[in-house]
file upload.txt (compact mmCIF, C-alpha atoms)
# COMPACT_ATOMS: atom_id res chain seq x y z
CA MET A 1483 -12.67 -15.63 25.12
CA GLU A 1484 -12.05 -12.23 23.53
CA GLN A 1485 -8.72 -11.94 21.69
CA HIS A 1486 -6.55 -8.91 22.47
CA TYR A 1487 -4.42 -8.09 19.43
CA GLN A 1488 -0.93 -6.76 20.06
CA LEU A 1489 0.65 -6.51 16.59
CA LEU A 1490 -0.97 -5.11 13.43
CA ALA A 1491 0.80 -5.52 10.07
CA LEU A 1492 -0.39 -3.29 7.23
CA ASP A 1493 0.42 -3.33 3.54
CA LEU A 1494 0.67 0.20 2.14
CA ASP A 1495 -0.64 0.73 -1.41
CA GLY A 1496 -4.20 -0.51 -1.75
CA THR A 1497 -4.48 -1.12 1.99
CA LEU A 1498 -3.29 1.60 4.39
CA THR A 1499 -3.48 4.37 1.80
CA ASN A 1500 -6.39 5.25 -0.46
CA SER A 1501 -6.31 5.80 -4.22
CA GLU A 1502 -4.76 9.23 -3.62
CA LYS A 1503 -1.86 7.46 -1.81
CA VAL A 1504 -2.69 9.12 1.51
CA ILE A 1505 -3.86 7.89 4.93
CA SER A 1506 -7.43 9.08 5.48
CA PRO A 1507 -8.31 11.04 8.66
CA ARG A 1508 -10.51 8.18 9.94
CA THR A 1509 -7.76 5.60 9.42
CA LEU A 1510 -5.16 7.84 11.06
CA SER A 1511 -7.43 8.39 14.07
CA ALA A 1512 -8.16 4.66 14.44
CA LEU A 1513 -4.47 3.73 14.29
CA GLN A 1514 -3.56 6.41 16.81
CA ALA A 1515 -6.22 5.03 19.17
CA ALA A 1516 -4.94 1.46 18.65
CA GLN A 1517 -1.40 2.55 19.48
CA ALA A 1518 -2.69 4.30 22.60
CA LYS A 1519 -4.02 0.88 23.67
CA GLY A 1520 -0.55 -0.61 23.21
CA VAL A 1521 -0.92 -2.17 19.74
CA LYS A 1522 2.33 -2.14 17.74
CA ILE A 1523 2.01 -1.15 14.08
CA VAL A 1524 4.10 -2.78 11.33
CA LEU A 1525 4.24 -1.19 7.88
CA ALA A 1526 4.94 -4.03 5.44
CA SER A 1527 5.89 -3.24 1.86
CA GLY A 1528 8.13 -4.08 -1.05
CA ARG A 1529 9.51 -0.55 -0.83
CA PRO A 1530 12.93 0.21 0.68
CA SER A 1531 12.93 1.36 4.28
CA TYR A 1532 13.41 5.03 3.41
CA GLY A 1533 10.42 4.81 1.04
CA ILE A 1534 8.24 3.67 3.96
CA ARG A 1535 9.60 6.16 6.49
CA PRO A 1536 7.31 9.12 5.58
CA LEU A 1537 4.20 7.05 6.40
CA ALA A 1538 5.87 5.72 9.55
CA ASP A 1539 6.54 9.31 10.60
CA GLU A 1540 2.92 10.28 9.90
CA LEU A 1541 1.85 7.51 12.29
CA SER A 1542 4.54 8.52 14.84
CA LEU A 1543 5.98 5.01 14.86
CA ASP A 1544 9.28 6.40 16.14
CA LYS A 1545 7.49 7.46 19.33
CA THR A 1546 5.12 4.50 19.73
CA GLY A 1547 7.63 1.75 18.99
CA GLY A 1548 6.32 0.64 15.60
CA PHE A 1549 8.21 -1.22 12.90
CA ILE A 1550 9.07 -1.10 9.20
CA LEU A 1551 9.09 -4.36 7.24
CA ALA A 1552 10.81 -3.39 3.98
CA TYR A 1553 11.65 -5.21 0.73
CA ASN A 1554 8.69 -7.59 1.24
CA GLY A 1555 10.36 -8.89 4.40
CA GLY A 1556 14.03 -8.53 3.52
CA LYS A 1557 14.62 -6.02 6.31
CA VAL A 1558 12.78 -5.30 9.58
CA ILE A 1559 13.56 -2.09 11.48
CA ASP A 1560 12.52 -0.79 14.91
CA CYS A 1561 11.35 2.79 14.22
CA HIS A 1562 12.10 3.92 17.78
CA THR A 1563 15.71 2.73 17.96
CA ASP A 1564 16.55 2.28 14.24
CA GLU A 1565 17.76 -1.21 15.17
CA VAL A 1566 17.75 -3.71 12.32
CA ILE A 1567 15.96 -6.70 13.86
CA TYR A 1568 16.07 -9.00 10.85
CA GLU A 1569 17.74 -8.79 7.45
CA ARG A 1570 18.45 -10.91 4.40
CA LYS A 1571 20.67 -9.87 1.50
CA LEU A 1572 21.57 -11.12 -1.95
CA ASP A 1573 24.90 -12.93 -2.26
CA GLY A 1574 27.53 -10.40 -3.36
CA ASP A 1575 28.39 -12.17 -6.61
CA LEU A 1576 24.77 -11.98 -7.78
CA VAL A 1577 24.76 -8.19 -8.12
CA PRO A 1578 27.32 -7.91 -10.98
CA LEU A 1579 25.80 -11.01 -12.58
CA LEU A 1580 22.34 -9.41 -12.60
CA HIS A 1581 23.87 -6.19 -13.91
CA ASP A 1582 25.38 -8.03 -16.88
CA GLU A 1583 22.19 -9.99 -17.59
CA ALA A 1584 20.10 -6.81 -17.51
CA LEU A 1585 22.36 -4.96 -19.94
CA LYS A 1586 22.52 -7.95 -22.32
CA ALA A 1587 18.71 -8.00 -22.34
CA GLY A 1588 18.49 -4.28 -23.10
CA LEU A 1589 17.14 -3.47 -19.63
CA ASN A 1590 18.14 -1.24 -16.73
CA ILE A 1591 18.97 -2.26 -13.16
CA LEU A 1592 18.81 -0.41 -9.87
CA VAL A 1593 19.41 -1.00 -6.17
CA HIS A 1594 18.33 0.99 -3.13
CA GLN A 1595 21.10 2.15 -0.80
CA LYS A 1596 21.29 4.63 2.07
CA GLY A 1597 22.36 7.45 -0.25
CA GLY A 1598 19.53 6.87 -2.71
CA MET A 1599 18.81 4.73 -5.73
CA ILE A 1600 21.80 3.64 -7.82
CA THR A 1601 21.03 2.81 -11.46
CA THR A 1602 22.57 2.30 -14.87
CA ASP A 1603 20.23 4.81 -16.57
CA ASP A 1604 18.66 7.69 -14.68
CA SER A 1605 16.61 8.80 -17.72
CA ASN A 1606 14.62 5.55 -17.89
CA PRO A 1607 10.88 6.21 -17.19
CA GLU A 1608 10.53 3.14 -14.94
CA VAL A 1609 13.59 4.22 -12.94
CA GLN A 1610 12.11 7.70 -12.57
CA LEU A 1611 8.77 6.20 -11.45
CA GLU A 1612 10.52 4.12 -8.78
CA GLY A 1613 12.32 7.26 -7.62
CA ARG A 1614 9.05 9.19 -7.32
CA ILE A 1615 7.31 6.38 -5.43
CA ASN A 1616 10.11 6.26 -2.87
CA ARG A 1617 10.99 9.99 -2.90
CA SER A 1618 14.51 8.88 -3.71
CA THR A 1619 17.62 10.58 -5.05
CA ILE A 1620 18.61 8.85 -8.31
CA ILE A 1621 22.34 8.27 -8.78
CA HIS A 1622 23.56 7.37 -12.29
CA GLN A 1623 26.42 4.86 -12.16
CA PRO A 1624 27.12 2.64 -15.23
CA ASP A 1625 29.21 0.11 -13.26
CA PHE A 1626 26.81 0.49 -10.41
CA TRP A 1627 27.95 -2.36 -8.16
CA THR A 1628 31.13 -0.37 -7.48
CA ARG A 1629 28.91 2.14 -5.63
CA THR A 1630 26.91 -0.39 -3.62
CA ASP A 1631 27.79 -1.52 -0.12
CA ASN A 1632 27.84 -5.17 0.91
CA ILE A 1633 24.14 -5.21 1.79
CA VAL A 1634 21.82 -5.41 -1.22
CA ASN A 1635 18.36 -6.53 -0.13
CA LYS A 1636 16.87 -6.37 -3.61
CA CYS A 1637 17.79 -5.72 -7.22
CA LEU A 1638 15.14 -4.27 -9.51
CA ILE A 1639 15.40 -4.75 -13.29
CA VAL A 1640 13.15 -2.49 -15.37
CA GLY A 1641 12.21 -1.85 -18.98
CA GLU A 1642 9.97 -3.09 -21.77
CA ARG A 1643 7.59 -5.76 -20.51
CA GLU A 1644 8.45 -8.30 -23.25
CA LYS A 1645 12.16 -8.09 -22.42
CA VAL A 1646 11.41 -8.24 -18.70
CA ALA A 1647 9.27 -11.36 -19.16
CA ALA A 1648 12.02 -13.07 -21.18
CA LEU A 1649 14.66 -12.32 -18.56
CA GLU A 1650 12.35 -13.46 -15.76
CA ALA A 1651 11.99 -16.83 -17.49
CA LYS A 1652 15.76 -17.10 -18.00
CA LEU A 1653 16.61 -16.26 -14.37
CA ARG A 1654 13.93 -18.62 -13.04
CA ALA A 1655 15.44 -21.43 -15.13
CA THR A 1656 19.05 -20.76 -14.14
CA MET A 1657 19.08 -19.03 -10.74
CA SER A 1658 15.97 -20.15 -8.83
CA HIS A 1659 18.14 -22.14 -6.39
CA ARG A 1660 19.84 -18.94 -5.25
CA MET A 1661 17.18 -16.23 -5.39
CA ASP A 1662 13.51 -15.57 -6.06
CA VAL A 1663 12.47 -13.52 -9.09
CA TYR A 1664 9.00 -12.18 -9.82
CA CYS A 1665 7.31 -9.26 -11.57
CA SER A 1666 5.69 -6.75 -9.21
CA MET A 1667 4.47 -4.97 -12.38
CA PRO A 1668 4.96 -6.04 -16.01
CA GLU A 1669 7.88 -3.63 -16.39
CA PHE A 1670 9.45 -4.37 -12.96
CA LEU A 1671 11.40 -7.56 -12.21
CA GLU A 1672 12.26 -8.05 -8.52
CA CYS A 1673 15.30 -10.15 -7.57
CA VAL A 1674 15.41 -11.01 -3.86
CA PRO A 1675 17.04 -13.53 -1.52
CA LYS A 1676 15.58 -17.03 -1.67
CA GLY A 1677 12.52 -17.57 0.52
CA ILE A 1678 11.84 -13.94 1.46
CA ASP A 1679 8.22 -13.08 2.20
CA LYS A 1680 6.20 -10.85 4.51
CA GLY A 1681 4.81 -13.75 6.54
CA ASP A 1682 8.16 -15.22 7.50
CA SER A 1683 9.56 -11.85 8.52
CA LEU A 1684 6.41 -10.97 10.47
CA SER A 1685 6.81 -14.30 12.30
CA GLN A 1686 10.44 -13.43 13.10
CA LEU A 1687 9.34 -10.05 14.49
CA ALA A 1688 6.52 -11.54 16.58
CA GLN A 1689 8.95 -14.04 18.11
CA HIS A 1690 11.41 -11.21 18.83
CA LEU A 1691 8.63 -9.34 20.66
CA HIS A 1692 7.32 -12.50 22.40
CA ILE A 1693 3.90 -11.99 20.81
CA ALA A 1694 1.84 -15.08 20.03
CA ARG A 1695 0.68 -15.68 16.49
CA GLU A 1696 -2.92 -15.51 17.70
CA ALA A 1697 -2.37 -11.90 18.80
CA VAL A 1698 -1.24 -10.76 15.33
CA MET A 1699 -3.47 -9.05 12.75
CA ALA A 1700 -2.46 -8.50 9.12
CA CYS A 1701 -4.23 -6.55 6.37
CA GLY A 1702 -3.43 -6.63 2.66
CA ASP A 1703 -4.69 -6.68 -0.91
CA GLY A 1704 -1.99 -8.21 -3.12
CA GLU A 1705 -0.28 -11.53 -3.85
CA ASN A 1706 2.75 -10.48 -1.81
CA ASP A 1707 0.45 -10.17 1.25
CA LEU A 1708 -0.72 -13.79 1.11
CA SER A 1709 1.96 -15.16 3.43
CA MET A 1710 1.37 -12.66 6.24
CA ILE A 1711 -2.41 -13.01 5.98
CA ARG A 1712 -2.01 -16.79 6.29
CA TYR A 1713 0.39 -16.37 9.24
CA ALA A 1714 -1.65 -13.89 11.28
CA GLY A 1715 -4.13 -14.96 13.92
CA LEU A 1716 -6.56 -12.66 12.13
CA GLY A 1717 -5.81 -12.32 8.43
CA ILE A 1718 -7.78 -9.54 6.72
CA ALA A 1719 -8.30 -8.91 3.02
CA MET A 1720 -9.38 -5.56 1.64
CA ALA A 1721 -12.54 -5.51 -0.50
CA ASN A 1722 -10.26 -4.43 -3.38
CA ALA A 1723 -7.91 -7.40 -2.82
CA VAL A 1724 -7.20 -10.00 -5.49
CA GLU A 1725 -9.35 -13.12 -5.17
CA SER A 1726 -6.49 -15.33 -3.96
CA VAL A 1727 -6.04 -13.06 -0.92
CA LYS A 1728 -9.76 -13.01 -0.14
CA ALA A 1729 -9.79 -16.81 -0.34
CA VAL A 1730 -7.29 -17.26 2.53
CA ALA A 1731 -8.42 -14.33 4.71
CA ASP A 1732 -10.37 -14.77 7.94
CA PHE A 1733 -12.27 -11.56 7.27
CA VAL A 1734 -12.89 -9.25 4.29
CA THR A 1735 -13.14 -5.58 5.20
CA LEU A 1736 -14.17 -2.53 3.18
CA SER A 1737 -11.96 -1.20 0.38
CA ASN A 1738 -8.99 1.13 0.84
CA ASP A 1739 -11.18 3.99 -0.42
CA GLU A 1740 -13.85 3.17 2.21
CA ASP A 1741 -11.52 3.22 5.25
CA GLY A 1742 -11.26 -0.57 5.36
CA VAL A 1743 -8.30 -0.52 7.77
CA ALA A 1744 -10.11 1.87 10.12
CA TYR A 1745 -13.17 -0.39 10.04
CA VAL A 1746 -11.32 -3.51 11.22
CA VAL A 1747 -9.30 -1.60 13.83
CA GLU A 1748 -12.50 -0.11 15.23
CA ARG A 1749 -14.21 -3.51 15.24
CA PHE A 1750 -11.44 -5.83 16.47
CA VAL A 1751 -9.16 -3.53 18.50
CA LEU A 1752 -11.26 -0.59 19.70
CA ASP A 1753 -14.40 -2.70 20.27
CA LYS A 1754 -16.68 -0.33 18.42
CA ALA A 1755 -19.85 -1.81 16.96
call {"tool": "encode", "arguments": {"input": "upload.txt", "output": "structure tokens"}}
result
Amino acid sequence: MEQHYQLLALDLDGTLTNSEKVISPRTLSALQAAQAKGVKIVLASGRPSYGIRPLADELSLDKTGGFILAYNGGKVIDCHTDEVIYERKLDGDLVPLLHDEALKAGLNILVHQKGGMITTDDSNPEVQLEGRINRSTIIHQPDFWTRTDNIVNKCLIVGEREKVAALEAKLRATMSHRMDVYCSMPEFLECVPKGIDKGDSLSQLAQHLHIAREAVMACGDGENDLSMIRYAGLGIAMANAVESVKAVADFVTLSNDEDGVAYVVERFVLDKA
């Protein structure tokens, strides 16, 4: 029996966008056609929600009822209503603790908030890179937790890779019972609520929408996509994906520079040969 997919989760960098960080015309056309057939699109990324919004707007997710899955699953938002469907945050006492640990290690720390990106050092090159990626206003605040609200989905500690690696090891040894820490890049240490991943949050969203797991597709290329590719009824790895992702995928498509997302949408949703 032919499967009719209702929910399509897409990683951004290395998956939805090409090496120029844009959605190709073929991919845009395929996703518009999928939405016209009633498929709901989920943009799943480690970025904050406002860093995902420009791509969501390009796909008109506010009009078609698509979703943003931000912070690698820490926050799920309905683009049409702006309703927060699911959210996890760091315990409040962890934010000043992480601030102190970062400064002792000679590193910088930042958090994403509605008003922009709050950081201890706005001149830091990694901080500036994070601001460019997310098109974010950078707010310098030495005692930065005094400017944060009660909802911090993720802390990001940045700096020299040797110092970052040492602090990662320390936090894993002392705080792994309260939060997960991992390097998204050698200079970037992510600190997130315990147990957060794209797969769990995608499952929460599918249940909210009363969509069966078998009717979910997920495409990705990186380690942080593993959980949603395992969860989905049809888990898809890009040709440029890391080997661990290809190993668990049901199907390997073309690369992000060869319209790999368009190819699987055309094949499995639009029924094109």
call {"tool": "closest_residue", "arguments": {"input": "upload.txt", "among": "A:Glu1740, A:Glu1583, A:Glu1565, A:Asp1707", "to": "Ala1723 (chain A)", "atoms": "all atoms listed in the file"}}
result
A:Asp1707
call {"tool": "closest_residue", "arguments": {"input": "upload.txt", "among": "A:Lys1676, A:Arg1749, A:His1659, A:Arg1535", "to": "Arg1570 (chain A)", "atoms": "all atoms listed in the file"}}
result
A:Lys1676
call {"tool": "residues_around", "arguments": {"input": "upload.txt", "residues": "region 1552-1558 of chain A", "least_positions_apart": "4", "cutoff": "7 Å", "atoms": "all atoms listed in the file", "output": "list in words"}}
result
Ala1526, Ser1527, Gly1528, Arg1529, Pro1530, Ser1531, Val1566, Ile1567, Tyr1568, Glu1569, Arg1570, Asn1635, Lys1636, Ile1678, Asp1679, Lys1680 and Ser1683 of chain A
call {"tool": "closest_residue", "arguments": {"input": "upload.txt", "among": "A:Ala1516, A:Cys1665, A:Val1746, A:Met1599", "to": "Glu1705 (chain A)", "atoms": "all atoms listed in the file"}}
result
A:Cys1665
call {"tool": "atom_distance", "arguments": {"input": "upload.txt", "atom1": "CA of His1581 (chain A)", "atom2": "CA of Gly1677 (chain A)"}}
result
21.6 Å
call {"tool": "residues_near_point", "arguments": {"input": "upload.txt", "point": "(9.1, -16.4, -13.8)", "cutoff": "6 Å", "atoms": "only C-alpha atoms", "output": "list of chain:residue names"}}
result
A:Glu1650, A:Ala1651, A:Arg1654, A:Tyr1664
call {"tool": "write_last_selection", "arguments": {"input": "upload.txt", "atoms": "C-alpha atoms", "output": "mmCIF file, in the coordinates of the input"}}
result
data_model
loop_
_atom_site.group_PDB
_atom_site.id
_atom_site.type_symbol
_atom_site.label_atom_id
_atom_site.label_comp_id
_atom_site.auth_asym_id
_atom_site.auth_seq_id
_atom_site.Cartn_x
_atom_site.Cartn_y
_atom_site.Cartn_z
ATOM 1 C CA GLU A 1650 12.350 -13.460 -15.760
ATOM 2 C CA ALA A 1651 11.990 -16.830 -17.490
ATOM 3 C CA ARG A 1654 13.930 -18.620 -13.040
ATOM 4 C CA TYR A 1664 9.000 -12.180 -9.820
#
call {"tool": "closest_residue", "arguments": {"input": "upload.txt", "among": "A:Leu1510, A:Asp1564, A:Ser1709, A:Val1674", "to": "Glu1540 (chain A)", "atoms": "only C-alpha atoms"}}
result
A:Leu1510
call {"tool": "atom_distance", "arguments": {"input": "upload.txt", "atom1": "CA of Leu1537 (chain A)", "atom2": "CA of Leu1513 (chain A)"}}
result
12.2 Å
call {"tool": "closest_residue", "arguments": {"input": "upload.txt", "among": "A:Val1734, A:Gly1715, A:Leu1580, A:Gln1485", "to": "Thr1656 (chain A)", "atoms": "all atoms listed in the file"}}
result
A:Leu1580
call {"tool": "residues_around", "arguments": {"input": "upload.txt", "residues": "Val1504 (chain A)", "least_positions_apart": "2", "cutoff": "12 Å", "atoms": "all atoms listed in the file", "output": "list in words"}}
result
Leu1494, Asp1495, Gly1496, Thr1497, Leu1498, Thr1499, Asn1500, Ser1501, Glu1502, Ser1506, Pro1507, Arg1508, Thr1509, Leu1510, Pro1536, Leu1537, Glu1540, Leu1541, Asn1738, Asp1739 and Asp1741 of chain A
call {"tool": "atom_distance", "arguments": {"input": "upload.txt", "atom1": "CA of Leu1752 (chain A)", "atom2": "CA of Leu1551 (chain A)"}}
result
24.2 Å
call {"tool": "axis_aligned_box", "arguments": {"input": "upload.txt", "around": "region 1543-1553 of chain A", "padding_each_side": "8 Å", "output": "JSON"}}
result
{"center_x": 8.4, "center_y": 1.1, "center_z": 10.2, "size_x": 22.5, "size_y": 28.7, "size_z": 35.0}
call {"tool": "closest_residue", "arguments": {"input": "upload.txt", "among": "A:Val1646, A:Met1657, A:Ala1491, A:Leu1576", "to": "Tyr1713 (chain A)", "atoms": "only C-alpha atoms"}}
result
A:Ala1491
call {"tool": "residues_around", "arguments": {"input": "upload.txt", "residues": "Lys1571 (chain A)", "least_positions_apart": "6", "cutoff": "6 Å", "atoms": "all atoms listed in the file", "output": "list in words"}}
result
Ile1633, Val1634, Asn1635 and Pro1675 of chain A
call {"tool": "write_last_selection", "arguments": {"input": "upload.txt", "atoms": "C-alpha atoms", "output": "mmCIF file, in the coordinates of the input"}}
result
data_model
loop_
_atom_site.group_PDB
_atom_site.id
_atom_site.type_symbol
_atom_site.label_atom_id
_atom_site.label_comp_id
_atom_site.auth_asym_id
_atom_site.auth_seq_id
_atom_site.Cartn_x
_atom_site.Cartn_y
_atom_site.Cartn_z
ATOM 1 C CA ILE A 1633 24.140 -5.210 1.790
ATOM 2 C CA VAL A 1634 21.820 -5.410 -1.220
ATOM 3 C CA ASN A 1635 18.360 -6.530 -0.130
ATOM 4 C CA PRO A 1675 17.040 -13.530 -1.520
#
